[in-house]
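A short worksheet on the structure shown next.
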Amino acid sequence: MMIDLKDLSFEELQEFLQNQGEPKFRAKQIFAWLARGVTGFDEMTDISVKTREKLAEVSYVSTIKIREKYVSKLDKTTKYLFELEDGNCIESVVMYYKHGISICISSQVGCRMGCKFCASTIGGLYRSLTAGEILNQVIFAQKDIGERISNIVMMGIGEPLDNYDNVIKFLHNVNNEVGLNIGYRHISLSTCGLVDKIYALAEEKMPITLSVSLHAPNDDIRNTIMPVNSKYNVAELIKACRDYIDTTTRRISFEYSLISGVNDSVDNAKELAKLLKGMLCHVNLIPVNKVKERGFEKGTKAQIEKFRNTLVSLGINATVRRELGSDISASCGQLRKKILDGEGN
């Protein structure tokens, strides 16, 4: 079986090359070339032709194809529909901020978590991405825009902790100073609440930011919009989050999609504040994105502000997420769904 070199950690690449009779230092050369977005061995000009030919017999360099691309006229937000080598599609979004350029990336083709407000989970899970496929989103988006991407948000299609081993390998690889060298503190990983994996992640000792998709202050509401709550309820999830903070000393960000008439009342805000009291955390309020199959609507600007102000008045740090790329539907899942429905190019 041919090996995608991007699926290997730096240490695994060293071992692989030594097994091919190559010196250990060759891994540093190849790892750096992979991060630059080469599409084959021929582009690795500081490696002998003989070595390149030998490696091409047992391994390959994976790529990713831009199937569709949309650039916002409002704020330069760029949305990609990437096609994988097996024909499956995923989405990534590049966002421009004063502090640098961020990319929101996918970890799976589809998703099996079933959150009721999310387009990514419609149709279920096809498969998980390899470490190399996750990395390729960053590499080829960066190559396309011609600027360095400095921040990563793992909040695209899929549940990252449902693809735990590949995601952890990706994090190590994207952080490696020989490669893209993106610091852990510039990486945010979002989960809908896989409690066992939150405990495992804490033991990885990576100073990334954990974002938890909470979206409800109690089990009654969360059960209706997030099936994962039937396995890990709110109490179990909050305990795991508190333990994560104790272990890592890192602040957690709670994502909370405000759905009109479902979870956005003042009483909901008060209950949420009580739930999170004393935690080192931040609440990121997200006016829900409209998905035609779901029928959820966001509240008025006044309702959203009242929810935020209630949290703040009760001592909870909360902000409303700035909407980027509104003219290109920059939230994840909808471009891929268009392709699945046969509406794409």
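By convention here, the chains of the structure tokens are called A, B, ... in the order presented, each chain's residues are numbered starting at 1, and ligands are numbered starting at 1 in the order presented.
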Which residues of range 177-267 of chain A come within 7 Å of range 101-121 of chain A, and for each one, what is the closest pair of atoms and their distance in Å to one decimal, counting only C-alpha atoms, sorted by chain and residue number, as CSV?
```
residue,atom,partner,partner_atom,distance
A:Ile225,CA,A:Lys116,CA,4.9
A:Met226,CA,A:Cys115,CA,4.6
A:Pro227,CA,A:Gly114,CA,6.2
A:Val228,CA,A:Met113,CA,6.4
```
With 10 Å as the cut-off and only C-alpha atoms counted, what is the closest atom pair between each nearby residue of range 177-239 of chain A and range 29-49 of chain A? Distances in Å to one decimal, ordered by chain and number, as a Markdown table.
```
| residue | atom | partner | partner_atom | distance |
| --- | --- | --- | --- | --- |
| A:Glu177 | CA | A:Ala32 | CA | 9.1 |
| A:Val178 | CA | A:Ala32 | CA | 5.6 |
| A:Gly179 | CA | A:Ala32 | CA | 5.0 |
| A:Leu180 | CA | A:Ala35 | CA | 5.8 |
| A:Asn181 | CA | A:Ala35 | CA | 9.3 |
```
Only N, CA and C atoms, please: the residues just picked out, written as a PDB file, in the first residue's frame.
```pdb
ATOM      1  N   GLU A 177       8.063  22.911  14.061  1.00  0.00           N
ATOM      2  CA  GLU A 177       8.785  24.087  13.557  1.00  0.00           C
ATOM      3  C   GLU A 177       9.421  23.846  12.189  1.00  0.00           C
ATOM      4  N   VAL A 178       9.587  22.602  11.796  1.00  0.00           N
ATOM      5  CA  VAL A 178      10.123  22.298  10.463  1.00  0.00           C
ATOM      6  C   VAL A 178       9.055  22.522   9.392  1.00  0.00           C
ATOM      7  N   GLY A 179       7.807  22.410   9.802  1.00  0.00           N
ATOM      8  CA  GLY A 179       6.698  22.548   8.863  1.00  0.00           C
ATOM      9  C   GLY A 179       6.039  23.918   8.923  1.00  0.00           C
ATOM     10  N   LEU A 180       4.720  23.944   9.135  1.00  0.00           N
ATOM     11  CA  LEU A 180       3.990  25.210   9.153  1.00  0.00           C
ATOM     12  C   LEU A 180       4.244  26.018  10.418  1.00  0.00           C
ATOM     13  N   ASN A 181       4.650  25.339  11.491  1.00  0.00           N
ATOM     14  CA  ASN A 181       5.082  26.031  12.711  1.00  0.00           C
ATOM     15  C   ASN A 181       4.008  26.975  13.251  1.00  0.00           C
TER      16      ASN A 181
END
```
Handout entry: All residues 10 Å or closer to Ser92 in chain A, only C-alpha atoms, same chain fewer than 6 positions away omitted, as a ChimeraX atom specification
Key = /A:69,78-82,103-106,137-138,141,153-157,330-333
Practice task
Just give me the gap between CA of Val174 in chain A and CA of Leu210 in chain A in Å, one decimal is fine.
Solution key: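 It comes out at 16.9 Å.
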Problem - Spatial neighbours of Asn218 in chain A, 7 Å, only C-alpha atoms, chain gap at least 3 places, as an NGL selection string - result: :A and (221-222 or 234)
Practice task
Step one, run DSSP on the backbone; step two, keep only residues of range 28-158 of chain A assigned to alpha helix (DSSP H); then write them as an MDAnalysis selection string.
Solution key: chainID A and resid 28:35 49:56 131:145
Practice task
Using DSSP on the backbone coordinates, identify all residues within range 131-341 of chain A classified as strand (DSSP E or B); present the result as number ranges by chain.
Solution key: A: 151-154, 187-191, 209-213, 252-258, 281-287, 318-320
